[in-house]
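Participant: The structure is given below, and queries will be raised subsequently.
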Protein chains: 4
Amino acid sequence: MYHFKNKLQSSPARNLSPINQFVSPYEECGVFGACGTLDAAAHTALGLHALQHRGQEAAGIVSCETNSDRSLSNLHHHHAIGKVGDNFGDGVIIAKLRGFSAIGHNRYSTTGGSVNAANIQPLIAELSFGALALAHNGNLTNAAIIRKKLISEGSIFRTTMDTEVVIHLMARSGKNNIKDALIEALKKIEGGYSLIVLDKDYLIGARDPYGIRPLMLGRLGDAYFLASETCAFDIIGAQHVRDIAPGEIIIIDKKKVHEQKPKKEATESLFPFPKVNPRFCIFEFVYFSRPDSQIENKDVYAVRKRMGAELSRENPIEADIVIPVPDSGVASALGYAEEAKCQFELGIIRNHYVGRTFIEPTDQIRNLGVKLKHNANRSVIEGKRVVLVDDSIVRGTTSKKIVAMVRDAGAKEVHMRIASPATTNACFYGIDTPSTEKLLASHMTTEEICKFIGADSLAYLSVDSLYRAVGEAKRNNEIPQYCDACFTGDYAVELKDKNAGLVNKGYDC
Amino acid sequence: MYHFKNKLQSSPARNLSPINQFVSPYEECGVFGACGTLDAAAHTALGLHALQHRGQEAAGIVSCETNSDRSLSNLHHHHAIGKVGDNFGDGVIIAKLRGFSAIGHNRYSTTGGSVNAANIQPLIAELSFGALALAHNGNLTNAAIIRKKLISEGSIFRTTMDTEVVIHLMARSGKNNIKDALIEALKKIEGGYSLIVLDKDYLIGARDPYGIRPLMLGRLGDAYFLASETCAFDIIGAQHVRDIAPGEIIIIDKKKVHEQKPKKEATESLFPFPKVNPRFCIFEFVYFSRPDSQIENKDVYAVRKRMGAELSRENPIEADIVIPVPDSGVASALGYAEEAKCQFELGIIRNHYVGRTFIEPTDQIRNLGVKLKHNANRSVIEGKRVVLVDDSIVRGTTSKKIVAMVRDAGAKEVHMRIASPATTNACFYGIDTPSTEKLLASHMTTEEICKFIGADSLAYLSVDSLYRAVGEAKRNNEIPQYCDACFTGDYAVELKDKNAGLVNKGYDC
Amino acid sequence: MYHFKNKLQSSPARNLSPINQFVSPYEECGVFGACGTLDAAAHTALGLHALQHRGQEAAGIVSCETNSDRSLSNLHHHHAIGKVGDNFGDGVIIAKLRGFSAIGHNRYSTTGGSVNAANIQPLIAELSFGALALAHNGNLTNAAIIRKKLISEGSIFRTTMDTEVVIHLMARSGKNNIKDALIEALKKIEGGYSLIVLDKDYLIGARDPYGIRPLMLGRLGDAYFLASETCAFDIIGAQHVRDIAPGEIIIIDKKKVHEQKPKKEATESLFPFPKVNPRFCIFEFVYFSRPDSQIENKDVYAVRKRMGAELSRENPIEADIVIPVPDSGVASALGYAEEAKCQFELGIIRNHYVGRTFIEPTDQIRNLGVKLKHNANRSVIEGKRVVLVDDSIVRGTTSKKIVAMVRDAGAKEVHMRIASPATTNACFYGIDTPSTEKLLASHMTTEEICKFIGADSLAYLSVDSLYRAVGEAKRNNEIPQYCDACFTGDYAVELKDKNAGLVNKGYDC
Amino acid sequence: MYHFKNKLQSSPARNLSPINQFVSPYEECGVFGACGTLDAAAHTALGLHALQHRGQEAAGIVSCETNSDRSLSNLHHHHAIGKVGDNFGDGVIIAKLRGFSAIGHNRYSTTGGSVNAANIQPLIAELSFGALALAHNGNLTNAAIIRKKLISEGSIFRTTMDTEVVIHLMARSGKNNIKDALIEALKKIEGGYSLIVLDKDYLIGARDPYGIRPLMLGRLGDAYFLASETCAFDIIGAQHVRDIAPGEIIIIDKKKVHEQKPKKEATESLFPFPKVNPRFCIFEFVYFSRPDSQIENKDVYAVRKRMGAELSRENPIEADIVIPVPDSGVASALGYAEEAKCQFELGIIRNHYVGRTFIEPTDQIRNLGVKLKHNANRSVIEGKRVVLVDDSIVRGTTSKKIVAMVRDAGAKEVHMRIASPATTNACFYGIDTPSTEKLLASHMTTEEICKFIGADSLAYLSVDSLYRAVGEAKRNNEIPQYCDACFTGDYAVELKDKNAGLVNKGYDC
């Protein structure tokens, strides 16, 4: 690696280093669970493949055999750095993950470094009532406080993940079954999370009281599935039954599934928390979820098109063509162009081939050139007044390069339109944003950002317009309908670790 | 693998096997050459990355040091199965490919099996005047005849590639330099080809007399580049100087480049063949080239949009939405929707994450499900009359599944529109199509195909409309302006091997 | 794999399967620690390489930086399945294992399967007083009992290793430093063990009260080392200072080492256990330790030669040549031949090249042919009366095949002589023997075994002669000087888990 | 790698780099062929495993199906860098190497660098009479001259191996079958070689007229085998039929084997060369062959013991113990000790675990420490007068380190005894020795070498004694019975390439 760098440093073309094909400016995690089929692991691999956009650095699957003991050896598992297709496509591995049920997890890269094998989920542990596996999407806001307390009481921590706290709380719950132990643990943790837990007897899904992170229930024949997004059901031909409700713990009784008991008997729903007003993560609509997924029975693609349309209404500009930054800006650009009655063009082409070495999730690499991933379509752009539509601006470095690329291709004017409000605050509930001070909009005005990225004009979607796009009349400032902390700083759940000055390094995803 | 298959066979969900993410129904090759920079190999790796869509199975780079001897050890090379980014992104490998010039090659999978390491190009050989490397995009139509003759005269063949014939002809040319030897060799071969040859003294590019396959000249500072498409220049920031002309042999004199002689002195063009009417491959516009490339100074994206517009004019249908089969149908669907003034929607979402094991280029696997790659967007499609736009239909199996998927998503009607004429004949000039008898349109009427794929209606673009889209008034049936044999059966170059009953297994790309 | 098997089953030569190069019938573990050099990890890699014979399946190294925090991220670690030389020879990995101190571990294969990455030591955990790493050679005889209790109290277990118990006991000790916490934990565990523990402040070694497993102290300049055997000091040029005493906890104060305090100040010895009569594992002399190691200041090679001499005295036989089963029988065969004044010959040649696939530690494979590893030297053997000397007989299958091989090579008579008593009992203190019922001598008389292996005669060394070889007059049956349970069934430490009917699956090594 | 080096350079213990476990000071190649069993490839893998000592860097196997066509695709092949066991133990690969016959090759590392995949044998080519594969042990002394001529006539060379010349000569022989073509080719080449050639019809073995390199015929049931050494027959349970004679071409008719024709009909022997006095390579006895192999019906182990005995008679010295440098000096040390009636001891222990990274065949690495491979047994050596027996001295660097190691272990005197004459001349017939000027004995007297390696005395075996050990009365200086050029400079075959000043880089093995 260094050789190459050294070489390039001494060469006249040093900025051509083949890097920066880093897939996503934001990252999260994806979870999947299957119960009731001998293909549980194969279905989980397919489900994780469909959820690959939620985390590309590593994946793990744990399966569980039904008619065997409660020890750790009843759990079969495989964890691997890399893509699902690269590590779980192989039938030999799937065949080893025997059992009638399985859970899986896609993770994004850990902050400031590559994934450590120990940090790949699902986590596995043996507790008094038997071995279990747990997969987690989200972040706990009081994990560091609890961790500190648990360690002082003699718990040992093997990873830097906040997920580990949940298992310890279950272990120390004094309960003799997974259901009660999980409820006890959840009563102590705070934050945004979706959890999937598996043991010999149950497959359990749980969403935090505010329902910040998504979790869905699916079904195919007698088998049940849990997933972060509905697109994971589509790939296996399963039906989307419903979203798990905020604060709901759904318990799938493996024995009853095995006996093919009717649906209502095989699943059970508990609501152990005091009722609060839900605040689902609005950023899932803006960026994270796949456009072919449905959340809260709303089609993500349609919501994004409406964001584009609202953006056009709110920030009209005289232009010749509307160009999306692919792939994240495509749907909103389509909505923008339709509303603006302006020509939609694929003026930037994305190269989807990604190489191993290019994925180096360090700040340094994120800042390098965009050419490996994007190329401008000169004939479309030349001499035109261009509206460039993207979902958001994080550090601004990519936007700056894309604006320059579009100008190099001959654009007469470049007007940047962002299909969400300015990202001013870091997320503490499961989306891996840069820290607040690294977010361009946290310390620059829109005008300054416009200048920084080199655009002729820049406009963001207003918060109310964003709410309109998701189907609300406007934001209810008393009781906000969504978690929009990244745009407003109005955090749904108190940031206890942060306020206590504790480093919560291990934010998982 | 088999374990998995066995397992799935005995399971109720046996058709969920995680395969069929095969990237492309057609395949070809990509070539790149660089001369005049110490980053020659790094530039070549980037160029091949930009050309990855032309061949994903394997890649090779050969570099050449200028001030050293003429022996084989003066050529540094690395050949690897897999993607460019996975194998050449690593700086350690690039650092070993020392030298002021380099050439590279992307290859698609060989017919009926995975790539054999020996068949990865560029080929390397030591001839009387020194070691050379050669990369080839295209197919020779008389390679088997020549091979047979050469073998009878004592030449030995190590691979099944027709490219090997060219090197033998050079070796037996009796000439004492690479330029004369190449000309002698080219006089004997026929077919569609673009060649890049490198030795200690020269970087040479050559196109067949009809110019069937593409080859471009680029420049950055004092360095010259050759590439199959202009997008390979964009990625390194080089300028597209011009297309190499049909029948042209362009010779870049490394010594003069090194001395930074003015451009006209460093390159030399020879036209050793009798003049014929050029017939560039029209399928490069239809499918193969990247939309951000320019060929014959025409923008591929714009041509495709015009194909869509022509398609709409020629085959209008009452519908609610126009949906592309991504990614190949997107540009033509945009053109179609604009012309038809019908709503354009991304009704099918493509998952770009590809796994190693999924790429198994056997017939069996190509026929399996499409869900790993495509998913329908129910909310967009439900209750709608859909126009589905794709670039072409090969065996019809994918189209059949996509039509079914769109119907499952609630489409009221599904009208398939193909932005090119019916593919009735196999290509013998470098595109890896199935053999003629496997092409659906070779033995079915449009009506039969429509029924086979389950659409409510099906229409193809006419040949004349295709010609209009590329800028001609219509096809000149006396002297066709393009090679359109796949649509018309009118082969530009005589198929001598085929007519002699010789198996030309080794069609390279 | 299966293809091959299937193929061989249908072939006339089905018993030629290329397997059974399994390195050792017994297995254990090796531990190493380094403190006081910036090359701590490199020294540890070399030490583990010298200890490779103690465990070939996996290895791990954890290093610790001195001037940094107490969190988990202060520990750098690399764990890998395979040989030390294959995984830690690479300087890139060593360079990442920064720090002034490091510990490492070689492990043998887990019972009945290949190593799981989670089970590779050293273990790492964050406790209230900071992060630590622990490496363990030995087995705890009450681990299952403690584990059960800890789990009921809310501890969570991630592995099947008994080593994990030690860390939990430390965590729950209520002590606020690694020294006190370790002492508390050791007071609760029983069995045979050598432990090496590392944190920010200390490198600590500990041996069980009976001193069943070995542990040595070494020194090079200002740096200190701990290792299972002295050969690990030789490879790095360090001096063997002394054996750690039974029941001793030796504490190396990293800060004082750093300040280059005189030796007596930098190390501290604690003896927290009630005094018992030591019983070092006599099998380390028989088989396990390297012949160039010193234990209790006795040269292993010399002890083995004396075993051979005793064997000859005790069981004389008229013969022409003495042949060792290489490599384990070589030293005792030399001793036998000298004493018997009989010709020593290398009548069996060992092939030391071992392949990955051959190492499949299942019973099935252990029982297959010996030809991949051993070959008879016909010219030496033909027509001769042969004394065949080996260290021990386990299941008898290998002995049977070697006797047959020697007969096939033309031996007139084959007299098997075993340089230790009959192995009648499984080890529960860290050597991975088969369970008692699988040991041939547990249910067969010497005569029956002789018949089973096909020898003309068979004799074992008596227990008293073995004691003579290690320098005792005879075994003190009141207070045995060594742990010889595998030969006598007289277990040094009570087998509490076994007696409680608890499966102690996780015997580490 | 470099990181490590950098690190070590700045550390106080910089000479501890974990390298120099280079397996052998000399290297050669091994060949194997099988015909008449469906397990041909499996047998070849086992045979190559037994011949692993002849070349550890890479291996290849080519199999051939009987009832299929003559094209290249009838040959199945797998070539891999690394050990046989690591690359061919896996049944999946063997299963792909279908066919009734197969040949294989082990190669040592190429001079000055790691193996290039293109240089792994067997070579494969398509000639006028069909596809064939060829494996070669030895070196051709006029390959460069022929290569130059062939290139000038239009042959193209893909590798730097002299083996490629043989195939070109066959191709240009004008013959229409493999037998005649091979004879024509052999008439033109000179040097020391054993060749195995395979095509659809025949398995052929050939030895050079002087029989410098070994080749053996084996049989198991109806199947025939060819191998460099008899130990390759032992591993598969085949009988050693006889040595192929010098100048013999043995042709195994696959069709007749298939029909189970009696042996005499299925094989045919040709002697196309003028008769010369054979001169087998005496160094095969000294070092190269495995001690359990038979050559010329002489047991290699027995010959080596006689060398040791002769050495003792010729160079007696008062001493306490005789210690071999393992493994190459063991047999001769045994012979020495017996003859000298001096105590034989394993005073140096060898660590057989070899790591990938340690095998870096560069001069630099060969010169580093020996500790990774060897360790002295202090208790055996301390205070003793030691005779150290090794097979030969090449550059002297290893000997120097071993003498120092023995002294460090407390030896009172160290007397080095070499069981062969001083190595004064490079080999040009297939053994990869350093060039003449790098051989210590080429420019130093025995006295100087003794001083260089730091021994108290040094003695070599005389040439006549060496001849006595192999069963001759003495060397016949008129018509030497063996090739002993490395000791005498009397080259059996004229060194035409060398004399013509041509670099014969490609000496294969």
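Chain labels follow the order of the structure tokens: the first chain is A, the next B, and so on; residue numbering restarts at 1 in every chain, and ligands are counted from 1 in their shown order.
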I need the strand (DSSP E) residues of range 50-287 of chain A per DSSP on the backbone, written as a VMD selection string.
Facilitator: chain A and resid 58 to 64 75 to 81 101 to 107 123 to 127 130 to 140 191 to 199 202 to 207 216 to 220 223 to 227 239 to 243 249 to 253 267 to 270 280 to 281
Participant: Can you pull out the residues contacting Leu461 in chain C? Cut-off 12 Å, using only C-alpha atoms, and skip same-chain residues under 4 positions away; I want them as a PyMOL selection string.
Facilitator: chain C and resi 286+304+306-316+332+336+389-393+416-423+446+465-469+487
Participant: Compile a residue-level contact table for chain A against chain C at a cut-off of 9 Å, reporting for every qualifying residue the shortest atom pair and its distance in Å to one decimal, with only C-alpha atoms counted, rows ordered by chain and ascending number, as CSV.
Facilitator:
residue,atom,partner,partner_atom,distance
A:Leu72,CA,C:Thr160,CA,7.3
A:Ser73,CA,C:Thr160,CA,8.2
A:Ala117,CA,C:Ala117,CA,9.0
A:Ala118,CA,C:Ala118,CA,7.9
A:Leu123,CA,C:Arg158,CA,8.5
A:Ile124,CA,C:Arg158,CA,6.1
A:Ala125,CA,C:Arg158,CA,4.7
A:Glu126,CA,C:Phe157,CA,5.0
A:Leu127,CA,C:Ile156,CA,5.5
A:Ser128,CA,C:Ile151,CA,5.0
A:Phe129,CA,C:Ser152,CA,8.5
A:Ala131,CA,C:Phe157,CA,8.8
A:Lys148,CA,C:Ser128,CA,7.6
A:Lys149,CA,C:Ser128,CA,8.9
A:Leu150,CA,C:Ser128,CA,8.7
A:Ile151,CA,C:Ser128,CA,5.1
A:Ser152,CA,C:Ser128,CA,5.1
A:Glu153,CA,C:Arg172,CA,6.6
A:Gly154,CA,C:Arg172,CA,4.0
A:Ser155,CA,C:Ala171,CA,6.1
A:Ile156,CA,C:Leu127,CA,5.5
A:Phe157,CA,C:Glu126,CA,5.0
A:Arg158,CA,C:Ala125,CA,4.7
A:Thr159,CA,C:Leu72,CA,7.6
A:Thr160,CA,C:Leu72,CA,7.4
A:Ile167,CA,C:Ile156,CA,7.5
A:His168,CA,C:Ile156,CA,6.6
A:Leu169,CA,C:Gly154,CA,8.1
A:Met170,CA,C:Gly154,CA,7.7
A:Ala171,CA,C:Gly154,CA,4.1
A:Arg172,CA,C:Gly154,CA,4.0
A:Ser173,CA,C:Gly154,CA,7.2
A:Gly174,CA,C:Gly154,CA,7.3
Participant: Keeping only C-alpha atoms, write the selected residues to a file as a short mmCIF file (atom, residue, chain, number, x, y, z; two decimals), in the first residue's frame.
Facilitator:
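This is the output file out-v7.cif:
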data_model
loop_
_atom_site.label_atom_id
_atom_site.label_comp_id
_atom_site.auth_asym_id
_atom_site.auth_seq_id
_atom_site.Cartn_x
_atom_site.Cartn_y
_atom_site.Cartn_z
CA LEU A 72 -23.26 -22.87 23.31
CA SER A 73 -22.56 -25.75 20.97
CA ALA A 117 -13.53 -9.82 14.04
CA ALA A 118 -14.61 -9.72 17.69
CA LEU A 123 -23.20 -11.76 19.77
CA ILE A 124 -23.36 -15.17 21.42
CA ALA A 125 -23.39 -15.98 25.11
CA GLU A 126 -24.31 -18.70 27.52
CA LEU A 127 -26.61 -17.57 30.31
CA SER A 128 -28.22 -19.47 33.16
CA PHE A 129 -31.19 -20.46 31.02
CA ALA A 131 -27.14 -20.08 25.06
CA LYS A 148 -19.18 1.15 34.02
CA LYS A 149 -21.56 -0.07 36.68
CA LEU A 150 -21.57 -3.65 35.39
CA ILE A 151 -17.79 -3.76 35.26
CA SER A 152 -17.61 -2.51 38.82
CA GLU A 153 -19.90 -5.37 39.76
CA GLY A 154 -17.70 -7.97 38.10
CA SER A 155 -19.03 -8.28 34.58
CA ILE A 156 -16.36 -8.62 31.95
CA PHE A 157 -16.53 -6.96 28.58
CA ARG A 158 -14.94 -8.43 25.49
CA THR A 159 -15.90 -5.89 22.90
CA THR A 160 -16.39 -2.17 22.59
CA ILE A 167 -26.57 -9.41 27.29
CA HIS A 168 -25.01 -8.60 30.64
CA LEU A 169 -28.24 -7.03 31.84
CA MET A 170 -30.11 -10.15 30.77
CA ALA A 171 -27.57 -12.32 32.58
CA ARG A 172 -27.96 -10.32 35.75
CA SER A 173 -31.73 -10.01 35.54
CA GLY A 174 -32.31 -12.91 37.90
#
Participant: Give me the residues near range 45-48 of chain D as a list in words, where near means some atom within 7 Å (using only C-alpha atoms) and where sequence neighbours in that chain fewer than 3 positions away do not count.
Facilitator: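 In the requested format, the answer is Pro18 of chain C; Phe32, Ala41, Ala42, Leu51, Gln52, Val84, Phe88, Gly104, His105, Asn106, Ala232, Phe233, Ile235 and Ile236 of chain D.
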Participant: Report as a VMD selection string all protein, DNA and RNA residues lying within 8 Å of range 476-486 of chain A, evaluated on only C-alpha atoms, omitting residues in the same chain fewer than 2 positions from it.
Facilitator: chain A and resid 212 277 to 283 423 to 427 474 488 to 492
Participant: Would you put the residues from that selection into a file with C-alpha atoms, as an mmCIF file, in the first residue's frame?
Facilitator:
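Saved the output as selection_27.cif:
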data_model
loop_
_atom_site.group_PDB
_atom_site.id
_atom_site.type_symbol
_atom_site.label_atom_id
_atom_site.label_comp_id
_atom_site.auth_asym_id
_atom_site.auth_seq_id
_atom_site.Cartn_x
_atom_site.Cartn_y
_atom_site.Cartn_z
ATOM 1 C CA ILE A 212 -36.608 5.139 16.367
ATOM 2 C CA ASN A 277 -45.261 9.309 21.514
ATOM 3 C CA PRO A 278 -43.400 7.465 18.779
ATOM 4 C CA ARG A 279 -40.649 9.248 16.894
ATOM 5 C CA PHE A 280 -39.404 7.111 14.041
ATOM 6 C CA CYS A 281 -36.116 8.153 12.414
ATOM 7 C CA ILE A 282 -37.035 10.438 9.532
ATOM 8 C CA PHE A 283 -33.581 9.956 8.048
ATOM 9 C CA THR A 423 -27.575 18.209 8.669
ATOM 10 C CA THR A 424 -26.486 20.102 11.758
ATOM 11 C CA ASN A 425 -26.310 17.497 14.504
ATOM 12 C CA ALA A 426 -24.741 14.071 14.924
ATOM 13 C CA CYS A 427 -26.967 11.059 15.417
ATOM 14 C CA LYS A 474 -46.150 19.990 9.175
ATOM 15 C CA THR A 488 -33.144 20.068 14.485
ATOM 16 C CA GLY A 489 -30.980 19.065 17.435
ATOM 17 C CA ASP A 490 -34.168 17.997 19.186
ATOM 18 C CA TYR A 491 -33.061 14.609 20.487
ATOM 19 C CA ALA A 492 -35.866 12.171 21.207
#
Participant: Set the distance at 6 Å and use only C-alpha atoms: which residues neighbour Glu57 in chain C once local chain neighbours fewer than 6 positions away are removed? I'd like the list as a list of chain:residue names.
Facilitator: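 So, after excluding close chain neighbours, the residues are C:Ile81, C:Gly82, C:Arg107, C:Tyr108, C:Ser109.
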Participant: Produce a file of the selected residues containing N, CA and C atoms, as a compact mmCIF listing (two decimals), in the first residue's frame.
Facilitator:
# COMPACT_ATOMS: atom_id res chain seq x y z
N ILE C 81 -6.01 -18.97 12.88
CA ILE C 81 -5.97 -20.42 12.77
C ILE C 81 -4.75 -20.77 11.92
N GLY C 82 -3.97 -21.72 12.36
CA GLY C 82 -2.80 -22.13 11.59
C GLY C 82 -1.51 -21.93 12.37
N ARG C 107 -2.44 -23.08 20.43
CA ARG C 107 -3.41 -24.06 20.90
C ARG C 107 -3.50 -25.26 19.97
N TYR C 108 -3.84 -26.39 20.54
CA TYR C 108 -4.08 -27.60 19.77
C TYR C 108 -5.53 -27.55 19.33
N SER C 109 -5.96 -28.54 18.59
CA SER C 109 -7.33 -28.55 18.08
C SER C 109 -8.30 -28.91 19.19
Participant: How many Å separate CA of Glu268 in chain B from CA of Asn139 in chain B?
Facilitator: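 Distance between the two atoms: 25.4 Å.
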Participant: So how far away is CA of Val325 in chain D from CA of Thr397 in chain D, in Å?
Facilitator: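 Straight-line distance from CA of Thr397 in chain D to CA of Val325 in chain D works out to 13.8 Å.
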Participant: Going by DSSP on the backbone, which residues of range 178-225 of chain D come out as alpha helix (DSSP H)? List them as a list in words.
Facilitator: Ile178, Lys179, Asp180, Ala181, Leu182, Ile183, Glu184, Ala185, Leu186, Lys187 and Lys188 of chain D
